[in-house]
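J.: Dropping in entry05.txt, with compact mmCIF, C-alpha atoms and all ligand atoms.
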# COMPACT_ATOMS: atom_id res chain seq x y z
CA MET A 238 102.15 114.74 120.82
CA LEU A 239 102.14 114.10 124.58
CA ARG A 240 98.34 114.38 124.61
CA ASN A 241 98.08 111.75 121.89
CA ARG A 242 100.55 109.55 123.73
CA SER A 243 98.49 109.51 126.91
CA ALA A 244 95.23 109.08 124.95
CA TRP A 245 96.67 106.02 123.19
CA ASP A 246 98.14 104.58 126.39
CA GLU A 247 94.57 104.72 127.72
CA TRP A 248 92.90 103.30 124.58
CA ALA A 249 95.46 100.51 124.09
CA THR A 250 93.50 97.79 125.92
CA GLY A 251 90.58 98.25 123.49
CA TYR A 252 92.94 97.64 120.55
CA ALA A 253 94.47 94.37 121.85
CA ASP A 254 91.70 92.00 120.62
CA PRO A 255 91.34 93.62 117.18
CA GLY A 256 95.17 93.53 116.98
CA LEU A 257 95.15 89.81 117.76
CA ARG A 258 92.52 89.19 115.05
CA SER A 259 94.61 91.08 112.48
CA TRP A 260 97.82 89.27 113.50
CA SER A 261 95.93 85.95 113.15
CA THR A 262 95.32 86.37 109.43
CA ASP A 263 97.73 86.51 106.51
CA GLU A 264 95.15 88.29 104.36
CA PRO A 265 95.49 92.05 104.92
CA SER A 266 92.35 94.13 105.10
CA TRP A 267 92.21 97.90 105.50
CA GLY A 268 90.49 100.61 107.42
CA ILE A 269 87.46 100.47 109.68
CA TRP A 270 85.49 98.28 107.21
CA GLY A 271 88.25 95.71 106.76
CA ILE A 272 88.31 96.07 102.98
CA PRO A 273 90.35 93.19 101.54
CA GLU A 274 93.80 93.76 100.05
CA GLU A 275 92.73 92.10 96.79
CA GLN A 276 90.25 94.97 96.32
CA VAL A 277 92.42 97.85 97.59
CA ARG A 278 95.85 96.74 96.29
CA LEU A 279 97.47 98.92 98.94
CA LEU A 280 100.68 96.91 99.30
CA PRO A 281 103.49 96.92 96.74
CA PRO A 282 103.82 93.52 95.06
CA ASP A 283 107.58 93.21 95.64
CA LEU A 284 108.13 93.32 99.40
CA ALA A 285 110.78 90.62 99.71
CA GLY A 286 114.00 92.04 101.16
CA ARG A 287 112.56 95.56 101.48
CA ASP A 288 113.32 97.70 104.53
CA THR A 289 110.08 99.15 105.84
CA VAL A 290 108.97 101.37 108.69
CA GLU A 291 105.40 101.68 109.93
CA LEU A 292 104.75 105.08 111.51
CA GLY A 293 102.20 104.69 114.29
CA CYS A 294 102.24 100.88 114.16
CA GLY A 295 99.96 100.34 117.16
CA THR A 296 99.70 96.60 117.73
CA GLY A 297 101.98 96.00 114.75
CA TYR A 298 99.78 93.86 112.51
CA VAL A 299 100.58 95.78 109.31
CA SER A 300 104.30 95.23 109.91
CA ALA A 301 103.56 91.55 110.64
CA TRP A 302 101.84 91.28 107.23
CA LEU A 303 104.90 92.92 105.63
CA ALA A 304 107.29 90.53 107.44
CA ARG A 305 105.28 87.52 106.21
CA ARG A 306 105.74 88.85 102.67
CA GLY A 307 109.51 88.88 103.12
CA ALA A 308 110.07 92.50 104.15
CA ARG A 309 112.33 93.63 107.02
CA PRO A 310 109.97 95.84 109.02
CA ILE A 311 110.45 98.23 111.90
CA GLY A 312 107.38 99.37 113.83
CA LEU A 313 107.42 102.84 115.41
CA ASP A 314 104.82 104.14 117.83
CA ASN A 315 104.49 106.85 120.42
CA SER A 316 102.57 104.76 122.98
CA ALA A 317 104.34 102.36 125.34
CA ALA A 318 101.05 100.55 125.97
CA GLN A 319 100.40 99.94 122.27
CA LEU A 320 103.98 98.70 121.84
CA ALA A 321 103.55 96.37 124.83
CA THR A 322 100.63 94.72 122.99
CA ALA A 323 102.72 94.56 119.80
CA ARG A 324 105.55 92.87 121.73
CA ARG A 325 103.16 90.37 123.31
CA LEU A 326 101.68 89.52 119.90
CA GLN A 327 105.19 89.14 118.43
CA ASN A 328 105.95 86.56 121.12
CA GLU A 329 102.60 84.82 120.65
CA PHE A 330 103.12 84.47 116.89
CA GLY A 331 106.91 83.93 117.03
CA LEU A 332 107.43 86.79 114.58
CA ARG A 333 109.75 89.47 115.89
CA PHE A 334 110.90 92.73 114.35
CA PRO A 335 112.26 95.91 115.95
CA LEU A 336 109.78 98.17 117.72
CA LEU A 337 110.75 101.78 118.47
CA GLN A 338 109.03 104.12 120.87
CA ALA A 339 109.24 107.56 119.29
CA SER A 340 107.14 110.19 117.62
CA ALA A 341 106.78 109.93 113.85
CA GLU A 342 107.34 113.68 113.79
CA ARG A 343 110.99 112.93 114.75
CA VAL A 344 111.95 109.49 113.48
CA PRO A 345 115.14 108.25 115.22
CA CYS A 346 116.56 106.68 112.03
CA ALA A 347 119.24 107.79 109.58
CA ASP A 348 118.45 109.38 106.23
CA ALA A 349 117.68 106.98 103.37
CA THR A 350 117.14 103.89 105.55
CA PHE A 351 113.89 102.51 104.11
CA ASP A 352 112.29 101.39 100.84
CA LEU A 353 108.75 101.79 102.17
CA VAL A 354 107.12 104.03 104.79
CA ILE A 355 103.59 102.92 105.63
CA SER A 356 100.89 104.20 107.97
CA GLU A 357 97.31 103.05 108.44
CA TYR A 358 95.53 105.48 110.76
CA GLY A 359 98.90 106.05 112.50
CA ALA A 360 101.10 109.08 111.94
CA SER A 361 98.85 109.66 108.95
CA ILE A 362 96.13 111.11 111.16
CA TRP A 363 97.77 111.59 114.59
CA CYS A 364 100.81 113.61 113.49
CA ASP A 365 101.08 116.98 111.82
CA PRO A 366 101.56 116.24 108.10
CA TYR A 367 103.92 119.22 107.86
CA ALA A 368 106.19 117.38 110.34
CA TRP A 369 105.78 113.66 109.60
CA ILE A 370 105.73 113.72 105.79
CA PRO A 371 109.14 115.50 105.60
CA GLU A 372 110.39 112.86 108.06
CA ALA A 373 109.03 110.07 105.85
CA ALA A 374 110.82 111.67 102.88
CA ARG A 375 114.06 111.94 104.83
CA VAL A 376 114.20 108.27 105.90
CA LEU A 377 113.17 106.94 102.47
CA ARG A 378 115.72 105.95 99.86
CA PRO A 379 115.40 107.54 96.42
CA GLY A 380 112.75 105.56 94.57
CA GLY A 381 111.15 104.47 97.85
CA GLN A 382 107.41 104.57 98.42
CA LEU A 383 105.17 106.25 100.96
CA ILE A 384 101.74 104.64 101.45
CA PHE A 385 99.23 105.87 103.98
CA LEU A 386 95.56 105.56 104.85
CA VAL A 387 93.60 108.51 106.23
CA ASN A 388 90.03 109.66 106.69
CA SER A 389 88.61 111.33 103.63
CA VAL A 390 88.05 115.06 103.37
CA GLN A 391 84.31 114.36 102.90
CA LEU A 392 84.20 112.53 106.24
CA VAL A 393 86.15 115.15 108.16
CA LEU A 394 83.92 117.95 106.87
CA THR A 395 80.66 116.17 107.75
CA LEU A 396 81.47 114.79 111.23
CA PRO A 397 79.69 116.41 114.18
CA GLU A 398 81.86 118.27 116.67
CA GLU A 399 81.34 115.61 119.36
CA ASP A 400 83.66 112.62 119.29
CA ASP A 401 82.17 109.20 118.48
CA LEU A 402 79.19 110.45 116.47
CA PRO A 403 78.80 109.32 112.84
CA ALA A 404 79.27 111.50 109.77
CA THR A 405 76.21 113.49 108.70
CA GLU A 406 74.96 114.33 105.21
CA SER A 407 75.72 118.03 105.55
CA LEU A 408 78.86 120.10 105.75
CA GLN A 409 79.65 120.90 109.39
CA ARG A 410 82.68 123.12 108.93
CA PRO A 411 84.67 125.03 106.31
CA PHE A 412 87.08 123.27 103.99
CA PHE A 413 89.49 126.18 103.88
CA GLY A 414 91.88 126.16 106.81
CA MET A 415 91.39 122.49 107.70
CA HIS A 416 94.46 121.11 109.46
CA ARG A 417 94.27 120.46 113.22
CA PHE A 418 91.17 118.88 114.78
CA GLN A 419 90.13 118.27 118.34
CA TRP A 420 86.73 116.61 118.68
CA LEU A 421 84.62 117.50 121.72
CA GLY A 422 84.94 115.00 124.55
CA THR A 423 88.53 113.97 123.85
CA ASP A 424 91.93 115.47 124.61
CA SER A 425 93.56 113.91 121.56
CA VAL A 426 94.43 115.89 118.45
CA GLU A 427 94.08 114.77 114.81
CA PHE A 428 95.35 116.29 111.60
CA HIS A 429 93.52 116.33 108.27
CA ILE A 430 94.35 118.53 105.29
CA GLY A 431 92.72 119.03 101.90
CA HIS A 432 93.87 117.32 98.72
CA GLY A 433 95.51 120.38 97.18
CA ASP A 434 97.53 121.03 100.33
CA MET A 435 98.50 117.33 100.51
CA ILE A 436 99.65 117.25 96.88
CA ARG A 437 101.70 120.43 97.31
CA LEU A 438 103.27 119.10 100.55
CA LEU A 439 104.17 115.75 98.98
CA ARG A 440 105.70 117.41 95.93
CA ARG A 441 107.67 119.84 98.10
CA CYS A 442 109.11 116.83 99.97
CA GLY A 443 110.31 115.23 96.72
CA PHE A 444 107.39 112.88 96.10
CA GLU A 445 105.45 112.13 92.97
CA VAL A 446 101.83 111.22 93.73
CA GLU A 447 101.11 107.79 92.23
CA ASP A 448 97.57 107.12 93.38
CA LEU A 449 94.72 108.24 95.59
CA ILE A 450 92.35 105.35 96.24
CA GLU A 451 88.93 106.08 97.76
CA LEU A 452 87.79 103.11 99.79
CA ARG A 453 84.26 101.74 99.42
CA PRO A 454 83.07 98.98 101.76
CA ALA A 455 81.11 95.97 100.49
CA PRO A 456 77.28 96.11 100.86
CA ASP A 457 77.47 93.70 103.83
CA ALA A 458 80.57 95.20 105.52
CA THR A 459 80.54 95.76 109.28
CA THR A 460 82.63 97.87 111.64
CA ARG A 461 83.02 98.39 115.37
CA HIS A 462 83.77 102.07 114.77
CA THR A 463 81.20 104.87 114.83
CA LEU A 464 82.74 107.13 112.17
CA ALA A 465 80.08 106.55 109.53
CA SER A 466 77.11 104.33 108.80
CA LEU A 467 77.44 101.75 106.04
CA GLU A 468 74.81 103.64 104.04
CA TRP A 469 77.02 106.76 104.27
CA ALA A 470 80.25 104.95 103.42
CA ARG A 471 78.64 103.27 100.38
CA GLN A 472 77.85 106.73 98.99
CA TRP A 473 80.96 108.72 99.94
CA PRO A 474 84.47 107.57 100.75
CA CYS A 475 85.15 107.68 104.46
CA GLU A 476 88.76 106.62 103.95
CA GLU A 477 91.41 107.09 101.28
CA VAL A 478 94.84 105.67 100.54
CA TRP A 479 97.67 107.83 99.21
CA LYS A 480 100.63 106.37 97.34
CA ALA A 481 103.66 108.53 96.57
CA ARG A 482 107.13 107.77 95.22
CA LYS A 483 110.24 109.62 96.35
CA THR A 484 111.78 110.84 93.13
CA HIS A 485 114.43 113.28 94.41
C1 LIG B 501 94.68 103.51 115.22
S1 LIG B 501 96.34 103.16 115.76
C2 LIG B 501 97.09 102.68 114.25
C3 LIG B 501 97.53 101.26 114.28
C4 LIG B 501 96.70 100.32 113.50
N1 LIG B 501 96.94 100.42 112.07
C5 LIG B 501 95.23 100.42 113.81
O1 LIG B 501 94.45 100.89 112.94
O2 LIG B 501 94.86 100.00 114.90
C6 LIG B 501 97.07 104.77 115.93
C7 LIG B 501 98.46 104.69 116.50
O3 LIG B 501 99.14 105.91 116.24
C8 LIG B 501 100.01 106.12 117.33
N2 LIG B 501 100.48 107.50 117.39
C9 LIG B 501 99.81 108.61 117.80
N3 LIG B 501 100.61 109.69 117.75
C10 LIG B 501 101.81 109.26 117.31
C11 LIG B 501 103.06 109.89 117.06
N4 LIG B 501 103.24 111.19 117.25
N5 LIG B 501 104.08 109.12 116.61
C12 LIG B 501 103.94 107.79 116.42
N6 LIG B 501 102.78 107.14 116.64
C13 LIG B 501 101.74 107.86 117.08
C14 LIG B 501 99.18 105.72 118.53
O4 LIG B 501 99.98 105.48 119.67
C15 LIG B 501 98.46 104.49 118.00
O5 LIG B 501 99.11 103.31 118.34
Please express the file's structure as structure tokens.
Ligand SMILES: C[S@@+](CC[C@H](N)C(=O)[O-])C[C@H]1O[C@@H](n2cnc3c(N)ncnc32)[C@H](O)[C@@H]1O
T.:
Amino acid sequence: MLRNRSAWDEWATGYADPGLRSWSTDEPSWGIWGIPEEQVRLLPPDLAGRDTVELGCGTGYVSAWLARRGARPIGLDNSAAQLATARRLQNEFGLRFPLLQASAERVPCADATFDLVISEYGASIWCDPYAWIPEAARVLRPGGQLIFLVNSVQLVLTLPEEDDLPATESLQRPFFGMHRFQWLGTDSVEFHIGHGDMIRLLRRCGFEVEDLIELRPAPDATTRHTLASLEWARQWPCEEVWKARKTH
């Protein structure tokens, strides 16, 4: 957790301009390829008046999109530098909502506070799912929804060991045992688990899985990230969105 905090404090400047671009539009788009909301349908249709928390909000643009749809968002992030950008963008756009500095593995909010917990490349990949998903369940009201975007299992299994190299077309590591990842050349730690483990974890935390959406970029999509080539991502999902409802 502390390693990821210092990594993100260092990377924050590189996320300020993309954050500004995302704050500048009312049309959400998702993941490294910027796939439009009208294609993904990630957001619930009825956000007005909903209490939401974004776990690993970074520059806060997802929460800004939620606020513009009538929700009452809180953004939580572990990195002071990322939150400083979020605060600056809030002032620039005159759209303010609470920002908390904390780890999503220990959310400083009471039980049953929120109707929606959301994470796009936030807690969803930077926190241990066995810690943050029980926390998401705890702070959600019964009937509330958990929506998160992660890298696909296919991507994680085909990435080279070195950070910042694109996915290959061959399996680079075993599926069994996947959980904690540290790519060569970085101190940060990511977490990725298989679908069976994710389904069992969600169900154990009182969730019913509603959807698993594999994201496919358009033929002319572009990205500044090196995770996968467009040719790769047109053939295999490099990202996926999970939707789960807290039923008990
Ligand atoms: C890629 S950003 C996600 C924000 C935004 N959706 C984006 O794609 O730019 C990842 C964020 O997760 C945050 N993060 C990492 N570990 C965290 C933790 N334990 N608790 C909360 N946030 C964390 C980082 O500080 C960073 O701001």
J.: Between A:Glu406, A:Asp424, A:Glu357, A:Asp448, single out the one closest to Gly268 (chain A), counting all atoms listed in the file.
T.: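 Looking only at the distances to Gly268 (chain A), the closest residue turns out to be A:Glu357.
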J.: Ligand LIG 501 (chain B): which residues are within 8 Å, counting all atoms listed in the file? Reply as a PyMOL selection string.
T.: chain A and resi 238-239+241-242+244-246+249+252+255-256+268-269+292-299+313-317+319-320+338-342+356-360+362-364
J.: Could you check how far CA of Arg305 (chain A) sits from CA of Phe334 (chain A), in Å to one decimal?
T.: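 A separation of 11.2 Å between them.
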J.: Can I get the residues of region 319-434 of chain A within 8 Å of region 481-484 of chain A, each with the closest pair of atoms and their distance in Å to one decimal, using all atoms listed in the file, sorted chain first then ascending number, as CSV?
T.:
residue,atom,partner,partner_atom,distance
A:Ala374,CA,A:Lys483,CA,6.9
A:Leu377,CA,A:Lys483,CA,7.3
A:Arg378,CA,A:Lys483,CA,7.5
A:Pro379,CA,A:Lys483,CA,5.6
A:Gly380,CA,A:Lys483,CA,5.1
A:Gly381,CA,A:Lys483,CA,5.4
A:Gln382,CA,A:Arg482,CA,4.5
A:Leu383,CA,A:Ala481,CA,5.2
A:Ile384,CA,A:Ala481,CA,6.5
J.: Which of these residues is nearest to Gly443 (chain A), using all atoms listed in the file: A:His416, A:Arg410, A:Lys480, A:His485?
T.: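 Once distances to Gly443 (chain A) are computed over all atoms listed in the file, the minimum belongs to A:His485.
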J.: Rank A:Ala301, A:Asn328, A:Thr289, A:Asp401 by their smallest atom-to-atom distance to Thr350 (chain A), using all atoms listed in the file, and report the top residue only.
T.: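 The closest residue to Thr350 (chain A) is A:Thr289.
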J.: Write out as a PyMOL selection string each polymer residue whose atoms come within 12 Å of Trp479 (chain A), counting all atoms listed in the file; drop sequence neighbours fewer than 6 positions from it.
T.: chain A and resi 277-280+354-358+361+370+382-389+432+435-436+439+444-452
J.: Please list as a PyMOL selection string every residue within 10 Å of Gln276 (chain A), counting only C-alpha atoms and excluding residues in the same chain fewer than 4 positions away.
T.: chain A and resi 266-267+272+452-454
J.: Figure out the distance between CA of Pro281 (chain A) and CA of Pro335 (chain A), please, to one decimal in Å.
T.: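 For CA of Pro335 (chain A) relative to CA of Pro281 (chain A), the distance reads 21.1 Å.
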J.: Out of A:Val344, A:Leu467, A:Ala323, A:Met415, which residue has the shortest atom-to-atom distance to Ile430 (chain A) when counting all atoms listed in the file?
T.: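 Using all atoms listed in the file, Ile430 (chain A) sits closest to A:Met415.
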J.: Please fill the gaps in region 279-302 of chain A so it has N, CA, C and O atoms, and write that as a CSV table (one decimal), in the coordinates of the input.
T.:
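Writing the result to selection_12.csv gives the following:
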chain,number,residue,atom,x,y,z
A,279,LEU,N,96.7,97.9,98.2
A,279,LEU,CA,97.5,98.9,98.9
A,279,LEU,C,99.0,98.6,98.9
A,279,LEU,O,99.8,99.5,98.8
A,280,LEU,N,99.3,97.3,99.1
A,280,LEU,CA,100.7,96.9,99.3
A,280,LEU,C,101.4,96.8,98.0
A,280,LEU,O,100.8,96.3,97.0
A,281,PRO,N,102.7,97.2,98.0
A,281,PRO,CA,103.5,96.9,96.7
A,281,PRO,C,103.6,95.4,96.5
A,281,PRO,O,103.7,94.7,97.5
A,282,PRO,N,103.7,95.0,95.3
A,282,PRO,CA,103.8,93.5,95.1
A,282,PRO,C,105.2,92.9,95.5
A,282,PRO,O,105.3,91.7,95.8
A,283,ASP,N,106.2,93.7,95.5
A,283,ASP,CA,107.6,93.2,95.6
A,283,ASP,C,108.2,93.6,97.0
A,283,ASP,O,109.0,94.4,97.1
A,284,LEU,N,107.7,92.9,98.1
A,284,LEU,CA,108.1,93.3,99.4
A,284,LEU,C,109.4,92.5,99.9
A,284,LEU,O,110.0,93.0,100.9
A,285,ALA,N,109.7,91.5,99.2
A,285,ALA,CA,110.8,90.6,99.7
A,285,ALA,C,112.1,91.4,99.8
A,285,ALA,O,112.5,92.1,98.8
A,286,GLY,N,112.7,91.4,101.0
A,286,GLY,CA,114.0,92.0,101.2
A,286,GLY,C,113.9,93.5,101.4
A,286,GLY,O,114.9,94.2,101.5
A,287,ARG,N,112.7,94.1,101.3
A,287,ARG,CA,112.6,95.6,101.5
A,287,ARG,C,112.6,96.0,102.9
A,287,ARG,O,112.1,95.3,103.8
A,288,ASP,N,113.3,97.1,103.2
A,288,ASP,CA,113.3,97.7,104.5
A,288,ASP,C,112.1,98.6,104.7
A,288,ASP,O,112.0,99.5,103.9
A,289,THR,N,111.3,98.4,105.7
A,289,THR,CA,110.1,99.2,105.8
A,289,THR,C,110.0,99.7,107.2
A,289,THR,O,110.5,99.2,108.2
A,290,VAL,N,109.3,100.8,107.4
A,290,VAL,CA,109.0,101.4,108.7
A,290,VAL,C,107.5,101.8,108.7
A,290,VAL,O,107.0,102.4,107.7
A,291,GLU,N,106.8,101.3,109.8
A,291,GLU,CA,105.4,101.7,109.9
A,291,GLU,C,105.3,102.8,111.0
A,291,GLU,O,105.7,102.6,112.1
A,292,LEU,N,104.8,103.9,110.6
A,292,LEU,CA,104.8,105.1,111.5
A,292,LEU,C,103.4,105.1,112.2
A,292,LEU,O,102.4,105.4,111.6
A,293,GLY,N,103.4,104.8,113.5
A,293,GLY,CA,102.2,104.7,114.3
A,293,GLY,C,101.7,103.3,114.1
A,293,GLY,O,100.6,103.1,113.6
A,294,CYS,N,102.5,102.3,114.5
A,294,CYS,CA,102.2,100.9,114.2
A,294,CYS,C,101.2,100.3,115.1
A,294,CYS,O,100.7,99.2,114.8
A,295,GLY,N,100.9,100.9,116.2
A,295,GLY,CA,100.0,100.3,117.2
A,295,GLY,C,100.4,98.9,117.5
A,295,GLY,O,101.5,98.7,118.0
A,296,THR,N,99.4,98.0,117.3
A,296,THR,CA,99.7,96.6,117.7
A,296,THR,C,100.6,95.9,116.7
A,296,THR,O,100.9,94.7,116.9
A,297,GLY,N,100.9,96.5,115.6
A,297,GLY,CA,102.0,96.0,114.8
A,297,GLY,C,101.5,95.0,113.7
A,297,GLY,O,102.4,94.4,113.0
A,298,TYR,N,100.2,94.9,113.5
A,298,TYR,CA,99.8,93.9,112.5
A,298,TYR,C,100.2,94.2,111.1
A,298,TYR,O,100.4,93.3,110.3
A,299,VAL,N,100.2,95.5,110.7
A,299,VAL,CA,100.6,95.8,109.3
A,299,VAL,C,102.0,95.3,109.1
A,299,VAL,O,102.4,94.7,108.1
A,300,SER,N,102.9,95.6,110.0
A,300,SER,CA,104.3,95.2,109.9
A,300,SER,C,104.4,93.7,109.9
A,300,SER,O,105.3,93.2,109.2
A,301,ALA,N,103.5,93.0,110.7
A,301,ALA,CA,103.6,91.6,110.6
A,301,ALA,C,103.2,91.1,109.2
A,301,ALA,O,103.8,90.1,108.7
A,302,TRP,N,102.2,91.7,108.6
A,302,TRP,CA,101.8,91.3,107.2
A,302,TRP,C,103.0,91.5,106.3
A,302,TRP,O,103.3,90.7,105.4
